[in-house]
$ cat input_26.txt   # compact mmCIF, C-alpha atoms
# COMPACT_ATOMS: atom_id res chain seq x y z
CA MET O 1392 100.63 134.06 111.52
CA HIS O 1393 101.78 133.26 108.00
CA ILE O 1394 103.87 135.94 106.30
CA ILE O 1395 105.56 135.89 102.92
CA LEU O 1396 108.55 138.19 102.39
CA PHE O 1397 108.99 139.00 98.76
CA GLY O 1398 111.36 141.05 96.63
CA PRO O 1399 114.50 140.93 94.55
CA PRO O 1400 117.66 139.31 95.89
CA GLY O 1401 119.51 141.53 98.35
CA VAL O 1402 116.60 143.60 99.67
CA GLY O 1403 116.96 142.27 103.21
CA LYS O 1404 114.34 139.52 103.29
CA GLY O 1405 116.54 137.18 105.32
CA THR O 1406 117.56 139.82 107.82
CA GLN O 1407 114.00 140.98 108.37
CA ALA O 1408 112.63 137.42 108.48
CA LYS O 1409 114.99 136.49 111.32
CA ILE O 1410 113.81 139.48 113.36
CA LEU O 1411 110.13 138.73 112.70
CA SER O 1412 110.71 135.07 113.53
CA GLU O 1413 112.08 135.97 116.95
CA LYS O 1414 109.35 138.54 117.61
CA PHE O 1415 106.46 136.24 116.71
CA HIS O 1416 108.08 132.92 117.76
CA ILE O 1417 107.42 131.30 114.41
CA PRO O 1418 109.94 129.65 112.08
CA HIS O 1419 111.77 131.57 109.38
CA ILE O 1420 111.79 129.37 106.29
CA SER O 1421 114.47 130.46 103.85
CA THR O 1422 114.42 128.37 100.71
CA GLY O 1423 117.92 129.62 99.89
CA ASP O 1424 119.24 128.48 103.29
CA ARG O 1425 117.50 125.13 102.91
CA LEU O 1426 119.00 124.65 99.47
CA ARG O 1427 122.47 125.62 100.74
CA MET O 1428 122.03 123.02 103.53
CA GLU O 1429 121.16 120.40 100.91
CA ILE O 1430 124.29 121.42 98.98
CA LYS O 1431 126.44 121.21 102.10
CA ASN O 1432 125.05 117.75 102.88
CA GLU O 1433 125.61 116.74 99.24
CA THR O 1434 122.10 115.35 98.82
CA ASP O 1435 120.74 114.62 95.35
CA LEU O 1436 118.73 117.85 95.53
CA GLY O 1437 121.80 119.72 96.76
CA LEU O 1438 124.01 118.50 93.94
CA LYS O 1439 121.43 119.50 91.32
CA ALA O 1440 120.72 122.83 93.03
CA LYS O 1441 124.41 123.74 93.33
CA VAL O 1442 124.97 123.72 89.59
CA LEU O 1443 121.89 125.89 89.03
CA MET O 1444 122.49 128.30 91.93
CA ASP O 1445 126.19 128.81 91.18
CA ALA O 1446 125.16 129.93 87.70
CA GLY O 1447 122.49 132.25 89.14
CA ASN O 1448 119.56 130.14 87.91
CA LEU O 1449 116.38 129.14 89.73
CA VAL O 1450 115.76 125.62 91.00
CA PRO O 1451 112.76 124.06 89.13
CA ASP O 1452 109.28 124.81 90.47
CA ASP O 1453 108.31 121.21 91.21
CA VAL O 1454 111.38 120.70 93.42
CA MET O 1455 110.76 123.92 95.35
CA ILE O 1456 107.03 123.24 95.77
CA GLU O 1457 107.66 119.77 97.17
CA MET O 1458 110.29 121.12 99.58
CA ILE O 1459 107.92 123.85 100.86
CA LYS O 1460 105.01 121.43 101.22
CA LYS O 1461 107.12 119.20 103.48
CA VAL O 1462 108.07 122.22 105.58
CA LEU O 1463 104.50 123.48 105.93
CA ILE O 1464 103.13 120.17 107.19
CA SER O 1465 105.82 119.87 109.87
CA PRO O 1466 104.70 120.39 113.49
CA ASP O 1467 107.16 123.29 113.86
CA CYS O 1468 105.04 125.36 111.49
CA LYS O 1469 101.63 124.82 113.09
CA ASN O 1470 101.51 128.36 114.55
CA GLY O 1471 102.79 130.10 111.45
CA ILE O 1472 105.84 130.75 109.32
CA ILE O 1473 107.76 133.46 107.63
CA LEU O 1474 108.54 132.43 104.06
CA ASP O 1475 111.66 134.01 102.58
CA GLY O 1476 112.54 133.31 98.95
CA PHE O 1477 109.37 131.47 98.02
CA PRO O 1478 107.41 131.76 95.80
CA ARG O 1479 109.70 132.88 93.00
CA THR O 1480 107.39 132.18 90.07
CA VAL O 1481 103.65 132.54 89.50
CA ALA O 1482 103.43 128.74 89.22
CA GLN O 1483 104.97 128.47 92.71
CA ALA O 1484 102.54 131.11 94.02
CA VAL O 1485 99.57 129.21 92.60
CA ALA O 1486 100.87 125.94 94.08
CA LEU O 1487 101.45 127.65 97.45
CA LYS O 1488 97.87 128.95 97.44
CA LYS O 1489 96.63 125.38 96.87
CA ILE O 1490 98.85 124.04 99.68
CA PHE O 1491 97.58 126.78 102.00
CA GLU O 1492 93.97 125.91 101.08
CA ASP O 1493 94.59 122.18 101.65
CA LEU O 1494 96.09 122.97 105.09
CA SER O 1495 93.45 125.61 105.95
CA ILE O 1496 96.12 128.33 106.18
CA THR O 1497 95.32 131.97 105.50
CA PRO O 1498 98.40 134.08 104.79
CA ARG O 1499 98.45 137.34 106.80
CA LYS O 1500 100.40 139.42 104.32
CA VAL O 1501 102.86 139.36 101.46
CA LEU O 1502 105.40 142.06 102.27
CA PHE O 1503 107.16 143.28 99.14
CA ILE O 1504 110.47 144.90 100.07
CA GLU O 1505 111.58 147.56 97.59
CA VAL O 1506 115.21 148.67 97.23
CA SER O 1507 116.98 150.39 94.32
CA VAL O 1508 118.95 148.19 91.91
CA GLU O 1509 122.13 150.10 92.74
CA ARG O 1510 121.70 149.38 96.45
CA ILE O 1511 120.94 145.71 95.72
CA MET O 1512 124.15 145.38 93.70
CA GLU O 1513 126.14 147.02 96.48
CA ARG O 1514 124.64 144.80 99.19
CA LEU O 1515 125.03 141.51 97.32
CA VAL O 1516 128.56 142.09 96.07
CA ARG O 1517 129.61 143.07 99.62
CA ARG O 1518 127.89 139.98 101.06
CA GLY O 1519 129.50 137.78 98.40
CA ALA O 1520 132.95 139.04 99.35
CA MET O 1521 132.31 138.68 103.10
CA GLU O 1522 130.65 135.26 102.98
CA HIS O 1523 132.50 133.89 99.93
CA ARG O 1524 129.20 133.18 98.17
CA VAL O 1525 129.62 132.33 94.50
CA ASP O 1526 125.98 133.32 93.84
CA ASP O 1527 126.80 136.90 94.96
CA SER O 1528 129.63 137.60 92.49
CA PRO O 1529 128.99 140.76 90.40
CA GLU O 1530 128.30 138.77 87.20
CA THR O 1531 125.94 136.37 88.95
CA VAL O 1532 124.12 139.20 90.75
CA VAL O 1533 123.38 140.89 87.41
CA LYS O 1534 121.99 137.58 86.13
CA ARG O 1535 119.96 137.01 89.33
CA ILE O 1536 118.37 140.45 89.03
CA ALA O 1537 117.51 139.82 85.37
CA ILE O 1538 115.93 136.47 86.28
CA TYR O 1539 114.00 138.16 89.08
CA ASN O 1540 112.70 140.81 86.65
CA ASN O 1541 111.65 138.18 84.09
CA LYS O 1542 110.35 135.32 86.24
CA THR O 1543 109.73 136.52 89.79
CA SER O 1544 108.47 140.06 89.37
CA PRO O 1545 105.06 138.85 88.02
CA VAL O 1546 104.44 137.25 91.44
CA LYS O 1547 104.04 140.80 92.78
CA ASP O 1548 101.03 141.36 90.49
CA TYR O 1549 99.60 137.96 91.42
CA TYR O 1550 99.53 138.87 95.13
CA ALA O 1551 98.37 142.44 94.45
CA GLN O 1552 95.33 141.05 92.61
CA GLN O 1553 94.51 138.95 95.69
CA GLY O 1554 94.75 141.99 97.96
CA LEU O 1555 97.58 140.45 99.99
CA LEU O 1556 100.50 142.61 98.82
CA SER O 1557 101.94 145.46 100.86
CA SER O 1558 105.00 147.37 99.66
CA ILE O 1559 107.69 148.20 102.19
CA ASN O 1560 110.50 150.69 101.61
CA GLY O 1561 113.62 148.59 102.22
CA GLU O 1562 116.03 151.54 102.27
CA GLY O 1563 117.37 152.74 105.61
CA THR O 1564 118.50 150.97 108.75
CA VAL O 1565 117.41 147.46 109.65
CA GLU O 1566 115.38 148.96 112.51
CA GLU O 1567 113.62 151.49 110.24
CA VAL O 1568 112.63 148.79 107.76
CA GLN O 1569 111.50 146.53 110.62
CA GLN O 1570 109.27 149.29 112.01
CA ARG O 1571 107.67 149.79 108.60
CA MET O 1572 106.94 146.05 108.45
CA LEU O 1573 105.44 145.91 111.92
CA THR O 1574 103.25 148.92 111.15
CA GLU O 1575 102.03 147.24 107.96
CA LEU O 1576 101.29 144.04 109.93
CA GLY O 1577 99.35 146.09 112.48
CA VAL O 1578 101.60 145.18 115.42
CA GLN O 1579 104.26 146.99 117.42
$ encode --input "input_26.txt" --output "structure tokens"
Amino acid sequence: MHIILFGPPGVGKGTQAKILSEKFHIPHISTGDRLRMEIKNETDLGLKAKVLMDAGNLVPDDVMIEMIKKVLISPDCKNGIILDGFPRTVAQAVALKKIFEDLSITPRKVLFIEVSVERIMERLVRRGAMEHRVDDSPETVVKRIAIYNNKTSPVKDYYAQQGLLSSINGEGTVEEVQQRMLTELGVQ
């Protein structure tokens, strides 16, 4: 089962992906977590990504596409994946479609999690304070939301045109949102 979780920063993609990963016994692939690991390990990618991420900017498409391609061909992902934080641009979505075709993968669904901007701000600023994440400072969050609206939001239309997009109300408890996702996936 291949699932893509999509939506603005702070809607709960990571939280929901971890739950789905455990339920379906498939890996949760968070591009943000992978990039933070690269930063922690001070790899070339990590050093470049840190400067961009700390400023609230996106990592270039070609870098992200190559990273995801390596993940998808790994044996751990043979039974499926839950992608969280990718694709973030239409170019990435087109490249992901090509990778899926090359690997004979059919995505099950793209679950678009919707949450109000006010709630997103509240969640991210709280997370930034708790986890000491520079990319969740109030100024950076405003910039991340603007970048999402300009560059990532069109991905929603791309998947809607393919008939893969399902919108999920991301407001409420973690359990309520999870139930909505499972219902949309046709499982309980």
$ atom_distance --input "input_26.txt" --atom1 "CA of Val1506 (chain O)" --atom2 "CA of Gly1403 (chain O)"
8.9 Å
$ residues_around --input "input_26.txt" --residues "Lys1488 (chain O)" --least-positions-apart "6" --cutoff "10 Å" --atoms "all atoms listed in the file" --output "PDB file with C-alpha atoms, in the coordinates of the input"
ATOM      1  CA  ALA O1482     103.430 128.740  89.220  1.00  0.00           C
ATOM      2  CA  LEU O1494      96.090 122.970 105.090  1.00  0.00           C
ATOM      3  CA  ILE O1496      96.120 128.330 106.180  1.00  0.00           C
ATOM      4  CA  THR O1497      95.320 131.970 105.500  1.00  0.00           C
ATOM      5  CA  PRO O1498      98.400 134.080 104.790  1.00  0.00           C
TER       6      PRO O1498
END
$ closest_residue --input "input_26.txt" --among "O:Gln1579, O:Asp1452, O:Ile1430, O:Glu1566" --to "Ile1410 (chain O)" --atoms "only C-alpha atoms"
O:Glu1566
$ residues_around --input "input_26.txt" --residues "region 1443-1451 of chain O" --least-positions-apart "3" --cutoff "8 Å" --atoms "only C-alpha atoms" --output "PyMOL selection string"
chain O and resi 1439-1440+1454-1455+1525-1526+1531-1532+1534-1535+1538
$ residues_around --input "input_26.txt" --residues "Gly1563 (chain O)" --least-positions-apart "5" --cutoff "12 Å" --atoms "only C-alpha atoms" --output "PDB file with C-alpha atoms, in the coordinates of the input"
ATOM      1  CA  VAL O1402     116.600 143.600  99.670  1.00  0.00           C
ATOM      2  CA  GLY O1403     116.960 142.270 103.210  1.00  0.00           C
ATOM      3  CA  ILE O1504     110.470 144.900 100.070  1.00  0.00           C
ATOM      4  CA  GLU O1505     111.580 147.560  97.590  1.00  0.00           C
ATOM      5  CA  VAL O1506     115.210 148.670  97.230  1.00  0.00           C
ATOM      6  CA  SER O1507     116.980 150.390  94.320  1.00  0.00           C
ATOM      7  CA  ARG O1510     121.700 149.380  96.450  1.00  0.00           C
ATOM      8  CA  VAL O1568     112.630 148.790 107.760  1.00  0.00           C
ATOM      9  CA  GLN O1569     111.500 146.530 110.620  1.00  0.00           C
ATOM     10  CA  GLN O1570     109.270 149.290 112.010  1.00  0.00           C
ATOM     11  CA  ARG O1571     107.670 149.790 108.600  1.00  0.00           C
TER      12      ARG O1571
END
